[in-house]
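Next comes start_14.txt, with compact mmCIF, C-alpha atoms.
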# COMPACT_ATOMS: atom_id res chain seq x y z
CA MET A 1 11.56 -11.81 -10.62
CA ARG A 2 8.18 -11.51 -9.00
CA VAL A 3 7.32 -12.03 -5.36
CA HIS A 4 3.77 -12.83 -4.33
CA PHE A 5 3.48 -12.28 -0.62
CA PRO A 6 0.06 -13.34 0.67
CA LEU A 7 -0.26 -12.19 4.28
CA GLU A 8 -3.14 -12.69 6.67
CA LEU A 9 -2.47 -9.44 8.48
CA SER A 10 -4.09 -6.05 8.79
CA PHE A 11 -2.65 -2.61 8.16
CA PRO A 12 0.08 -1.65 8.91
CA ALA A 13 1.55 -5.09 9.55
CA ALA A 14 0.82 -6.37 6.06
CA GLU A 15 2.63 -3.43 4.53
CA LEU A 16 5.86 -4.38 6.31
CA GLY A 17 6.09 -7.47 4.13
CA ASN A 18 4.99 -5.56 1.06
CA LEU A 19 7.66 -2.91 1.46
CA THR A 20 10.38 -5.55 1.53
CA ALA A 21 9.14 -7.06 -1.72
CA LEU A 22 8.54 -3.71 -3.40
CA ALA A 23 11.95 -2.37 -2.41
CA ALA A 24 13.52 -5.29 -4.29
CA GLY A 25 11.55 -4.42 -7.43
CA ASN A 26 8.85 -7.06 -7.07
CA VAL A 27 5.07 -7.09 -6.94
CA ALA A 28 2.93 -8.29 -4.05
CA VAL A 29 -0.36 -10.13 -3.57
CA VAL A 30 -1.83 -9.52 -0.13
CA LYS A 31 -4.47 -11.72 1.52
CA PRO A 32 -5.67 -9.66 4.53
CA ALA A 33 -7.44 -11.24 7.48
CA GLU A 34 -11.12 -11.63 6.69
CA ASP A 35 -12.11 -9.51 9.71
CA THR A 36 -9.89 -6.56 8.78
CA PRO A 37 -9.68 -6.17 4.98
CA LEU A 38 -10.58 -2.49 4.65
CA SER A 39 -7.36 -1.11 6.12
CA THR A 40 -5.26 -3.05 3.61
CA ILE A 41 -7.52 -2.02 0.73
CA TYR A 42 -7.21 1.60 1.85
CA PHE A 43 -3.43 1.24 1.93
CA CYS A 44 -3.59 0.24 -1.75
CA HIS A 45 -5.75 3.30 -2.40
CA LEU A 46 -3.06 5.49 -0.83
CA ALA A 47 -0.36 3.69 -2.80
CA ARG A 48 -2.21 4.36 -6.04
CA GLN A 49 -2.57 8.03 -5.13
CA ALA A 50 1.19 8.09 -4.50
CA GLY A 51 1.83 6.87 -8.04
CA VAL A 52 2.31 3.13 -7.55
CA PRO A 53 1.21 1.49 -10.85
CA ASP A 54 -1.80 -0.81 -10.99
CA GLY A 55 -0.88 -4.45 -10.47
CA VAL A 56 2.12 -3.81 -8.22
CA ILE A 57 0.15 -4.25 -4.98
CA ASN A 58 -2.84 -6.58 -5.22
CA VAL A 59 -5.38 -7.48 -2.53
CA ILE A 60 -7.48 -10.64 -2.38
CA PRO A 61 -10.06 -10.31 0.42
CA GLY A 62 -12.19 -13.16 1.68
CA TYR A 63 -11.83 -16.27 3.79
CA GLY A 64 -8.39 -17.81 3.67
CA ASP A 65 -9.06 -21.23 2.18
CA ARG A 66 -11.53 -19.96 -0.39
CA ALA A 67 -9.37 -17.03 -1.48
CA VAL A 68 -6.19 -19.07 -1.66
CA GLN A 69 -7.80 -21.87 -3.63
CA ARG A 70 -9.86 -19.68 -5.93
CA TRP A 71 -7.03 -17.38 -6.91
CA LEU A 72 -4.36 -20.08 -7.00
CA LEU A 73 -2.00 -18.36 -4.59
CA ILE A 74 -0.54 -21.79 -3.94
CA GLY A 75 0.63 -23.81 -6.90
CA HIS A 76 1.12 -20.90 -9.30
CA SER A 77 4.42 -21.13 -11.16
CA ALA A 78 5.00 -17.36 -11.03
CA HIS A 79 5.20 -17.26 -7.25
CA VAL A 80 8.65 -16.87 -5.81
CA VAL A 81 8.05 -16.27 -2.10
CA TYR A 82 5.17 -17.24 0.13
CA GLY A 83 4.57 -15.55 3.48
CA PHE A 84 1.80 -16.93 5.65
CA THR A 85 0.90 -16.10 9.22
CA ARG A 86 -2.12 -17.72 10.84
CA SER A 87 -2.61 -20.28 8.07
CA GLY A 88 1.05 -21.34 8.02
CA PRO A 89 0.54 -24.74 9.66
CA LYS A 90 -2.46 -25.46 7.43
CA HIS A 91 -0.61 -24.82 4.19
CA SER A 92 2.89 -25.94 5.22
CA ARG A 93 2.61 -29.47 3.79
CA ARG A 94 1.47 -28.19 0.43
CA LEU A 95 4.21 -25.58 0.38
CA TRP A 96 6.95 -28.13 1.05
CA ILE A 97 6.54 -29.53 -2.45
CA GLU A 98 6.76 -26.09 -4.08
CA PRO A 99 10.21 -25.25 -5.50
CA VAL A 100 10.07 -21.72 -4.02
CA PRO A 101 11.29 -20.07 -0.82
CA VAL A 102 8.72 -20.11 1.98
CA LYS A 103 8.26 -17.86 5.00
CA LEU A 104 5.88 -19.22 7.64
CA GLU A 105 4.72 -18.00 10.99
CA LEU A 106 3.55 -21.16 12.69
CA GLY A 107 1.73 -19.68 15.65
CA GLY A 108 2.59 -19.71 19.33
CA LYS A 109 3.12 -16.81 21.67
CA GLY A 110 6.03 -14.39 21.84
CA ALA A 111 7.95 -14.88 25.08
CA ALA A 112 9.63 -12.37 27.40
CA VAL A 113 12.36 -13.90 29.59
CA LEU A 114 12.66 -12.08 32.91
CA PHE A 115 15.89 -12.47 34.89
CA ASP A 116 16.36 -11.50 38.52
CA ASP A 117 18.20 -8.26 37.78
CA ILE A 118 15.36 -6.43 36.01
CA ASP A 119 13.60 -3.26 37.12
CA LEU A 120 10.36 -4.80 38.38
CA ASP A 121 8.15 -1.72 38.07
CA GLN A 122 9.37 -0.76 34.60
CA THR A 123 9.19 -4.32 33.28
CA ALA A 124 5.73 -4.99 34.66
CA SER A 125 4.40 -1.78 33.14
CA ALA A 126 6.04 -2.47 29.75
CA LEU A 127 4.81 -6.06 29.53
CA VAL A 128 1.27 -5.20 30.55
CA SER A 129 1.29 -2.59 27.77
CA ALA A 130 2.54 -5.24 25.36
CA LEU A 131 -0.12 -7.67 26.55
CA THR A 132 -2.95 -5.20 26.02
CA LEU A 133 -1.65 -3.59 22.82
CA ASN A 134 -4.46 -3.82 20.27
CA THR A 135 -6.32 -5.85 22.92
CA GLY A 136 -3.74 -8.63 22.65
CA GLN A 137 -4.43 -9.12 18.95
CA VAL A 138 -0.80 -8.91 17.87
CA CYS A 139 0.86 -12.15 16.85
CA CYS A 140 4.42 -11.09 17.66
CA THR A 141 4.02 -9.30 20.99
CA ALA A 142 5.32 -10.64 24.32
CA THR A 143 2.21 -12.21 25.82
CA ARG A 144 4.00 -15.18 27.43
CA TRP A 145 6.25 -14.39 30.37
CA LEU A 146 9.01 -16.66 31.67
CA VAL A 147 9.86 -15.25 35.10
CA HIS A 148 12.85 -16.14 37.29
CA GLU A 149 11.56 -17.87 40.41
CA SER A 150 13.29 -15.42 42.77
CA ILE A 151 11.24 -12.49 41.45
CA TRP A 152 8.03 -14.36 40.67
CA ASP A 153 5.91 -13.05 43.55
CA PRO A 154 6.89 -9.36 43.41
CA PHE A 155 6.65 -9.26 39.62
CA VAL A 156 3.25 -10.96 39.53
CA GLU A 157 1.95 -8.57 42.17
CA ARG A 158 3.07 -5.55 40.17
CA ALA A 159 1.62 -6.88 36.92
CA LYS A 160 -1.65 -7.72 38.68
CA THR A 161 -1.92 -4.22 40.16
CA ARG A 162 -1.30 -2.68 36.75
CA LEU A 163 -3.97 -4.85 35.14
CA GLU A 164 -6.48 -4.09 37.89
CA HIS A 165 -6.29 -0.39 37.01
CA LEU A 166 -6.46 -0.88 33.25
CA ASN A 167 -8.81 1.56 31.52
CA ILE A 168 -11.10 -0.50 29.28
CA GLY A 169 -13.41 1.21 26.83
CA TYR A 170 -13.94 2.58 23.31
CA SER A 171 -10.73 2.17 21.31
CA LEU A 172 -10.63 5.66 19.82
CA LEU A 173 -10.82 7.48 23.15
CA PRO A 174 -7.35 8.72 24.19
CA GLU A 175 -7.78 7.49 27.77
CA THR A 176 -8.61 3.92 26.71
CA GLU A 177 -5.83 1.39 27.28
CA MET A 178 -7.68 -1.69 26.00
CA GLY A 179 -10.66 -1.79 23.66
CA PRO A 180 -12.84 -4.54 22.20
CA VAL A 181 -11.62 -7.52 20.24
CA VAL A 182 -12.31 -7.74 16.53
CA SER A 183 -15.39 -9.99 16.52
CA PRO A 184 -17.85 -11.94 18.70
CA LYS A 185 -16.10 -15.11 17.55
CA GLN A 186 -12.80 -13.87 18.95
CA LYS A 187 -14.44 -12.81 22.21
CA ASP A 188 -15.95 -16.28 22.64
CA ARG A 189 -12.56 -17.84 21.90
CA ILE A 190 -10.87 -15.76 24.59
CA LEU A 191 -13.52 -16.55 27.18
CA GLY A 192 -13.28 -20.21 26.19
CA TYR A 193 -9.55 -20.21 26.92
CA LEU A 194 -10.28 -18.74 30.35
CA ARG A 195 -12.82 -21.44 31.17
CA ARG A 196 -10.53 -24.15 29.82
CA GLY A 197 -7.55 -22.93 31.84
CA VAL A 198 -9.50 -22.90 35.08
CA ALA A 199 -10.98 -26.31 34.32
CA GLU A 200 -7.47 -27.70 33.79
CA GLY A 201 -6.23 -26.41 37.15
CA ALA A 202 -4.91 -22.91 36.43
CA SER A 203 -5.42 -20.15 39.01
CA ALA A 204 -6.68 -16.87 37.63
CA LEU A 205 -4.94 -13.82 39.12
CA LEU A 206 -7.94 -11.67 38.18
CA PRO A 207 -11.61 -12.63 37.71
CA GLY A 208 -11.63 -12.05 33.96
CA GLY A 209 -14.81 -12.52 31.94
CA GLU A 210 -16.83 -10.03 29.91
CA ALA A 211 -16.23 -6.37 30.67
CA GLU A 212 -19.18 -4.25 31.79
CA ILE A 213 -18.83 -0.77 30.33
CA PRO A 214 -21.84 1.54 30.87
CA GLU A 215 -21.68 3.21 27.46
CA PHE A 216 -21.47 -0.13 25.63
CA LYS A 217 -24.31 -2.43 24.74
CA GLU A 218 -24.63 -5.81 26.40
CA ASP A 219 -23.44 -7.56 23.23
CA SER A 220 -20.15 -5.65 23.09
CA MET A 221 -16.90 -7.49 22.46
CA LEU A 222 -15.00 -6.42 25.58
CA SER A 223 -13.23 -8.91 27.82
CA LEU A 224 -11.47 -8.40 31.13
CA PRO A 225 -7.87 -9.56 31.73
CA CYS A 226 -7.35 -12.50 34.05

Represent the structure of the file as C-alpha cells.
Amino acid sequence: MRVHFPLELSFPAAELGNLTALAAGNVAVVKPAEDTPLSTIYFCHLARQAGVPDGVINVIPGYGDRAVQRWLLIGHSAHVVYGFTRSGPKHSRRLWIEPVPVKLELGGKGAAVLFDDIDLDQTASALVSALTLNTGQVCCTATRWLVHESIWDPFVERAKTRLEHLNIGYSLLPETEMGPVVSPKQKDRILGYLRRGVAEGASALLPGGEAEIPEFKEDSMLSLPC
C-alpha cells in the first residue's frame, strides 16, 4: 500500500501528515506552498541524512495547478490518500470521482467559543497570541472569536489593549511578537480585507494598515492589526 500525501504546507506542518503516512509503512509525495518550499526540501535533506531511503519522501515544488497537473498527483492509480489544504475546494470535484480516500481542508477560520465564565485576561492574552502566531499565517489557529454577549465589552477591551502593545518587527529577534507576512501579494490581500470590511460597514478596533518600522525599508511586508 502506498500513500501519496500532497500537502500545500510549510515545515513543520507538512511533516505532520508525512509522519502519519510513514509510520504506517507508506511513502509520501509533498507539494509545499510555492512561497515556502525550502523548509520542506530541507526536511527531506535531514530525513536522508537520518537514513530514510530515496523515494520514501518526495517533494514537488512549484505552483499548485502546474505541479499537480504536470506530475499527475490527481488521477494516478497508485495514489491511495489525498490530503489537500488551500487547494481543497478547487480539486474537490475531481477527487470525488477517484476511488480513493480523500482528506480535504476546505478553508475557513478556526473559531474560539468564549463563554461567560472564562478568565478574561488569560483568554485575551492567549487568543491574541494565537492570532499573531506566524503573523496569522496558520490555517488551523483560532482567529475567529465567538464571544458571549455578557462579556463582549470587557473581553474586546482587553484584546484591544494587548494588540496595541504588540511588538512588531524582524521575525528572528527574540522580542518580536509579530513579523512580516510571506509575500507582497499576501500583504496586499490582508490590506484589501481591511478596506473591504470597512467599506461593508465593519468598525475597526485599531487603525490597522501598513506597519512603520524604522529598521525596515518602505516596501516591507509588515501590517498592523486592526

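For the pair CA of Tyr193 in chain A and CA of Ala124 in chain A, the separation is 22.9 Å.
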
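CA of Gln49 in chain A is positioned 28.5 Å from CA of Val182 in chain A.
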
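Remark: for Gly25 in chain A, the closest of the candidate residues A:Glu200, A:Phe43, A:Asp117, A:Val56 is A:Val56 (distances computed over only C-alpha atoms).
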
Exercise. Rounded to one decimal in Å, what is the spacing between CA of Arg195 in chain A and CA of Leu114 in chain A?
Worked result: 27.2 Å

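The closest residue to Trp152 in chain A, picked from A:Leu133, A:Lys109, A:Phe115, A:Asp54 and counting only C-alpha atoms, is A:Phe115.
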
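Proximity to Gly179 in chain A was assessed for A:Ser129, A:Ser150, A:Thr141, A:Asn134 counting only C-alpha atoms; the smallest distance is recorded for A:Asn134.
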
Seminar exercise, completed: In terms of all atoms listed in the file, the residue from A:Leu146, A:Leu127, A:Ala199, A:Val181 at minimal distance from Asp35 in chain A is A:Val181

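Within 12 Å of the point (1.7, -12.3, 25.8), and counting all atoms listed in the file, the protein, DNA and RNA residues are Gly108, Lys109, Gly110, Ala111, Ala112, Val113, Ala126, Leu127, Val128, Ser129, Ala130, Leu131, Thr132, Leu133, Asn134, Thr135, Gly136, Gln137, Val138, Cys139, Cys140, Thr141, Ala142, Thr143, Arg144, Trp145, Leu146 and Pro225 of chain A.
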
Seminar exercise, completed: With distances taken over only C-alpha atoms, the candidate from A:Gly55, A:Arg162, A:Arg196, A:Leu191 nearest Glu177 in chain A is A:Arg162
